[in-house]
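> Here it is: the structure, laid out below.
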Amino acid sequence: MNEAAPQNHRKDPGPSRRSLLWTAGAAGAGLGLGGFSAQNAAADSRSAARGAPAAESLSAEPKRRGPTMIGVPFERRSTVRVGIIGLGNRGGSMIDLFLAVPGVRVVALCDMVKEKAARAATKVTAAGQPAPAVYTNGEDDFENLCDRGDVDFVYVATPWDWHFEMCRTAMLSGKHVGVECPLAMELHQLWELVHVSESARRHCMQLENCCYGRNEMRVLRMAHAGLFGDLLHAAGAYNHDLRSLLFDPVYYKDGWRRKWHTRLRGDIYSTHGLGPVANYLDVNRGDRAVRITSVGSPSLGLAAYRKEHVPPGDPSWKESYIEADRTISLIQTAKGRVIRLEHDVSTPHPYSRVNSLGGTKGLFEDYPERIYIEPDHTDDQWGDFGKYAQWDHWLWKEHADPPGGHGGMDYILIFRLMQSLRLGLVPDFDVYDAATWTAPVPLSNASIKAKGAPQEFPDFTRGLWRHKRPGMDSQKPAE
């Protein structure tokens, strides 16, 4: 088991994080990433007061503060003790999956809404586990959860503006941490989480559940087996009509997710599209993203929906939306491959993550799933992807009908992560993957503001991407 967590990271809470965010965004349209300047200055001031370095120059590769976390295994343990921060829509459902995985105990819960924490605590005891510690005393009470000596892993499922601070605090408290998408919203925050992971020797992981989808894992294994030939291009997206949820007064409390549409113009939810295809192309494991170019459509969808569905006097009528309804980005890799990303949550369309991979021997496309590879297919006729079930990953062969949402990929993610923690394995993905998959959030915004000018992609691995290494395409471990 882990030693007791260090206690010397506690901080002067300073001004409310939420007030800093809302103040930064209050000016409305036209701000983009530059609209965070006031927030950045305040955040850097707070970081300096807490002993953390201010943001480094983004044009230069920051100096490493500790050895790489590539290839570093978890500490082996008989039971994984989990603390959960955020018990709303996502955290309140994911706790069921943590409780369903053998060898896992949920020991601590945190949410500012006491009713949510109480409901989650009832789930823990109903599963036959001891009553968890509960933290509901204000927006900084998550720090007390992170301070506990009996927590091995912290799971963060809160609004996006909290992710950076919570991940950083968890690692400085001696905990491994996994966070819902996206990892952070600014480039210097991504670098800081890389630094803290390396110096604290704790893993920080983007819990990108789409990487564990059955189709995604099957395509990954087929790509590694050479069925697509030499890989040339891939595409991913988050095209999901969220208009009704974005204006729902309960689903996203205080409209926190909708408010990001008043601040940024780029791909603000990049990881669902990029994570799986980055795995196909072995990004950070033999190839890397080197530059991104982004363009965005006009921002009309949310205002049009509000006009038709939201009554006058609703607080949303004070908002001006600048986020492009459809963002399209092109990423080029060191090997010359091309990745296309799309983001659209503001217009009517069927759900699609695109999920496409092409090479010299053929192509896979999802939504609907179809395949065309030589010599199996000819005459320009798509083939049946279901006939390639023999390429399913061992996780899907072992858990053919997993519980939980999103077609079972949520459970596969949690099962594999907890298995890796319990057996002391190297995680399937690390902080470098997390930072890479999330980097299009600020970079696409900067590119759109610069009229599509390419933005250089940071090499978060500092050159170690050149070395092949294992990733999502894992072998079943011995228990």
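Residues are referred to by chain and number: the chain letter is A, B, ... according to the order shown in the structure tokens, the number counts from 1 in that chain, and ligands are numbered separately from 1 in the order shown.
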Report as an MDAnalysis selection string all protein, DNA and RNA residues lying within 12 Å of A:Gly66, evaluated on only C-alpha atoms, omitting residues in the same chain fewer than 2 positions from it.

chainID A and resid 62:64 68:70 194:202

> Can you list, as a short mmCIF file (atom, residue, chain, number, x, y, z; two decimals) with N, CA and C atoms, in the first residue's frame, every protein, DNA or RNA residue that comes within 10 Å of A:Lys335 when you count only C-alpha atoms, leaving out same-chain residues fewer than 5 positions away?


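Saved file around.cif follows:
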```cif
data_model
loop_
_atom_site.label_atom_id
_atom_site.label_comp_id
_atom_site.auth_asym_id
_atom_site.auth_seq_id
_atom_site.Cartn_x
_atom_site.Cartn_y
_atom_site.Cartn_z
N LEU A 231 0.17 3.00 -42.88
CA LEU A 231 -0.91 3.92 -42.51
C LEU A 231 -0.64 5.32 -43.07
N LEU A 232 -1.69 5.95 -43.58
CA LEU A 232 -1.57 7.23 -44.26
C LEU A 232 -2.38 8.35 -43.61
N LEU A 281 -2.15 5.30 -35.02
CA LEU A 281 -0.93 5.79 -35.67
C LEU A 281 0.28 5.75 -34.76
N GLY A 286 6.43 6.18 -31.73
CA GLY A 286 7.00 5.98 -33.05
C GLY A 286 6.63 7.08 -34.03
N ASP A 287 5.68 7.88 -33.69
CA ASP A 287 5.28 9.04 -34.48
C ASP A 287 4.79 10.10 -33.51
N ARG A 288 4.65 11.33 -33.98
CA ARG A 288 4.11 12.37 -33.12
C ARG A 288 3.40 13.44 -33.94
N ALA A 289 2.49 14.16 -33.32
CA ALA A 289 1.83 15.30 -33.95
C ALA A 289 2.82 16.47 -33.96
N VAL A 290 2.96 17.12 -35.12
CA VAL A 290 3.93 18.22 -35.21
C VAL A 290 3.28 19.58 -35.42
#
```

> For A:Lys259, list every protein, DNA or RNA residue within 8 Å, evaluated using only C-alpha atoms, and leave out those in the same chain fewer than 4 positions away; present the list as a PyMOL selection string.

chain A and resi 255+263+319

> The selected residues should be written to file as an mmCIF file, in the first residue's frame (atoms: all heavy atoms).


```cif
data_model
loop_
_atom_site.group_PDB
_atom_site.id
_atom_site.type_symbol
_atom_site.label_atom_id
_atom_site.label_comp_id
_atom_site.auth_asym_id
_atom_site.auth_seq_id
_atom_site.Cartn_x
_atom_site.Cartn_y
_atom_site.Cartn_z
ATOM 1 N N GLY A 255 -25.187 26.220 -16.398
ATOM 2 C CA GLY A 255 -24.791 26.338 -17.799
ATOM 3 C C GLY A 255 -23.287 26.358 -18.009
ATOM 4 O O GLY A 255 -22.801 26.958 -18.983
ATOM 5 N N ARG A 263 -16.267 31.686 -24.962
ATOM 6 C CA ARG A 263 -14.860 31.966 -24.674
ATOM 7 C C ARG A 263 -13.881 31.477 -25.729
ATOM 8 O O ARG A 263 -12.878 32.124 -25.986
ATOM 9 C CB ARG A 263 -14.486 31.352 -23.327
ATOM 10 C CG ARG A 263 -15.305 31.920 -22.180
ATOM 11 C CD ARG A 263 -14.846 31.330 -20.860
ATOM 12 N NE ARG A 263 -15.631 31.910 -19.782
ATOM 13 C CZ ARG A 263 -16.784 31.401 -19.353
ATOM 14 N NH1 ARG A 263 -17.244 30.283 -19.874
ATOM 15 N NH2 ARG A 263 -17.473 32.007 -18.410
ATOM 16 N N GLU A 319 -25.726 36.034 -23.049
ATOM 17 C CA GLU A 319 -24.497 35.436 -23.580
ATOM 18 C C GLU A 319 -24.347 35.678 -25.078
ATOM 19 O O GLU A 319 -25.342 35.663 -25.822
ATOM 20 C CB GLU A 319 -24.492 33.920 -23.309
ATOM 21 C CG GLU A 319 -24.552 33.573 -21.837
ATOM 22 C CD GLU A 319 -24.845 32.104 -21.587
ATOM 23 O OE1 GLU A 319 -25.158 31.365 -22.555
ATOM 24 O OE2 GLU A 319 -24.774 31.679 -20.417
#
```

> Within 12 Å of A:Leu220, counting only C-alpha atoms, which residues show up once you throw out same-chain ones fewer than 3 positions away? Write them as a ChimeraX atom specification, please.

/A:211-217,223-228,231,234,275-282,355-358,364,391-393,471-474

> With N, CA and C atoms kept, could you save the residues just selected as a CSV table (one decimal), in the first residue's frame?


```
chain,number,residue,atom,x,y,z
A,211,CYS,N,-11.3,5.3,-26.5
A,211,CYS,CA,-10.2,4.4,-26.8
A,211,CYS,C,-10.5,2.9,-26.5
A,212,TYR,N,-11.4,2.7,-25.6
A,212,TYR,CA,-11.7,1.3,-25.2
A,212,TYR,C,-13.0,0.8,-25.9
A,213,GLY,N,-13.5,1.5,-26.9
A,213,GLY,CA,-14.7,1.0,-27.6
A,213,GLY,C,-14.3,-0.3,-28.4
A,214,ARG,N,-15.3,-1.1,-28.6
A,214,ARG,CA,-15.0,-2.4,-29.3
A,214,ARG,C,-14.4,-2.2,-30.7
A,215,ASN,N,-15.1,-1.3,-31.5
A,215,ASN,CA,-14.6,-1.0,-32.8
A,215,ASN,C,-13.2,-0.4,-32.8
A,216,GLU,N,-13.0,0.5,-31.9
A,216,GLU,CA,-11.7,1.2,-31.8
A,216,GLU,C,-10.6,0.2,-31.5
A,217,MET,N,-10.8,-0.7,-30.5
A,217,MET,CA,-9.8,-1.7,-30.2
A,217,MET,C,-9.6,-2.7,-31.2
A,223,ALA,N,-4.7,-2.7,-37.3
A,223,ALA,CA,-3.7,-1.8,-37.8
A,223,ALA,C,-2.3,-2.3,-37.5
A,224,HIS,N,-2.1,-2.7,-36.2
A,224,HIS,CA,-0.8,-3.2,-35.8
A,224,HIS,C,-0.4,-4.5,-36.5
A,225,ALA,N,-1.4,-5.3,-36.9
A,225,ALA,CA,-1.2,-6.5,-37.6
A,225,ALA,C,-0.9,-6.3,-39.1
A,226,GLY,N,-1.0,-5.0,-39.6
A,226,GLY,CA,-0.7,-4.7,-40.9
A,226,GLY,C,-1.8,-4.9,-41.9
A,227,LEU,N,-3.0,-5.1,-41.5
A,227,LEU,CA,-4.1,-5.3,-42.4
A,227,LEU,C,-4.4,-4.1,-43.3
A,228,PHE,N,-4.1,-2.9,-42.8
A,228,PHE,CA,-4.4,-1.7,-43.6
A,228,PHE,C,-3.1,-1.2,-44.3
A,231,LEU,N,0.2,3.0,-42.9
A,231,LEU,CA,-0.9,3.9,-42.5
A,231,LEU,C,-0.6,5.3,-43.1
A,234,ALA,N,-6.1,9.4,-40.9
A,234,ALA,CA,-7.1,9.0,-39.9
A,234,ALA,C,-8.0,10.2,-39.7
A,275,GLY,N,-8.0,10.7,-29.5
A,275,GLY,CA,-7.4,9.6,-28.7
A,275,GLY,C,-7.3,8.3,-29.5
A,276,PRO,N,-8.5,7.7,-30.0
A,276,PRO,CA,-8.4,6.5,-30.7
A,276,PRO,C,-7.5,6.5,-31.9
A,277,VAL,N,-7.6,7.5,-32.8
A,277,VAL,CA,-6.8,7.5,-34.0
A,277,VAL,C,-5.3,7.8,-33.7
A,278,ALA,N,-5.0,8.5,-32.6
A,278,ALA,CA,-3.6,8.6,-32.2
A,278,ALA,C,-3.0,7.2,-31.8
A,279,ASN,N,-3.9,6.4,-31.2
A,279,ASN,CA,-3.4,5.0,-30.9
A,279,ASN,C,-3.2,4.2,-32.2
A,280,TYR,N,-4.1,4.4,-33.2
A,280,TYR,CA,-3.9,3.7,-34.5
A,280,TYR,C,-2.5,4.0,-35.1
A,281,LEU,N,-2.1,5.3,-35.0
A,281,LEU,CA,-0.9,5.8,-35.7
A,281,LEU,C,0.3,5.8,-34.8
A,282,ASP,N,0.1,5.2,-33.6
A,282,ASP,CA,1.2,5.1,-32.6
A,282,ASP,C,1.8,6.5,-32.3
A,355,ASN,N,-14.2,8.3,-36.7
A,355,ASN,CA,-13.4,7.1,-36.5
A,355,ASN,C,-13.0,6.3,-37.7
A,356,SER,N,-12.1,6.9,-38.4
A,356,SER,CA,-11.7,6.4,-39.7
A,356,SER,C,-10.2,6.2,-39.8
A,357,LEU,N,-9.7,5.2,-40.5
A,357,LEU,CA,-8.3,4.9,-40.6
A,357,LEU,C,-8.1,4.4,-42.1
A,358,GLY,N,-7.1,5.0,-42.7
A,358,GLY,CA,-6.7,4.5,-44.1
A,358,GLY,C,-5.3,4.3,-44.3
A,364,PHE,N,-11.0,1.8,-43.1
A,364,PHE,CA,-12.1,1.6,-42.2
A,364,PHE,C,-12.8,2.9,-41.9
A,391,TRP,N,-10.4,-10.2,-34.6
A,391,TRP,CA,-9.4,-9.3,-34.2
A,391,TRP,C,-9.8,-8.5,-32.9
A,392,ASP,N,-10.9,-8.8,-32.3
A,392,ASP,CA,-11.3,-8.2,-31.0
A,392,ASP,C,-10.2,-8.2,-30.0
A,393,HIS,N,-10.0,-7.2,-29.3
A,393,HIS,CA,-9.1,-7.1,-28.2
A,393,HIS,C,-9.5,-8.1,-27.1
A,471,GLY,N,1.2,0.2,-25.7
A,471,GLY,CA,0.1,1.1,-25.4
A,471,GLY,C,-1.2,0.4,-25.2
A,472,MET,N,-2.2,0.8,-25.9
A,472,MET,CA,-3.5,0.2,-25.8
A,472,MET,C,-3.6,-1.2,-26.2
A,473,ASP,N,-2.8,-1.6,-27.2
A,473,ASP,CA,-2.9,-3.0,-27.7
A,473,ASP,C,-2.1,-3.9,-26.8
A,474,SER,N,-2.7,-4.2,-25.6
A,474,SER,CA,-2.0,-4.9,-24.5
A,474,SER,C,-2.3,-6.4,-24.6
```
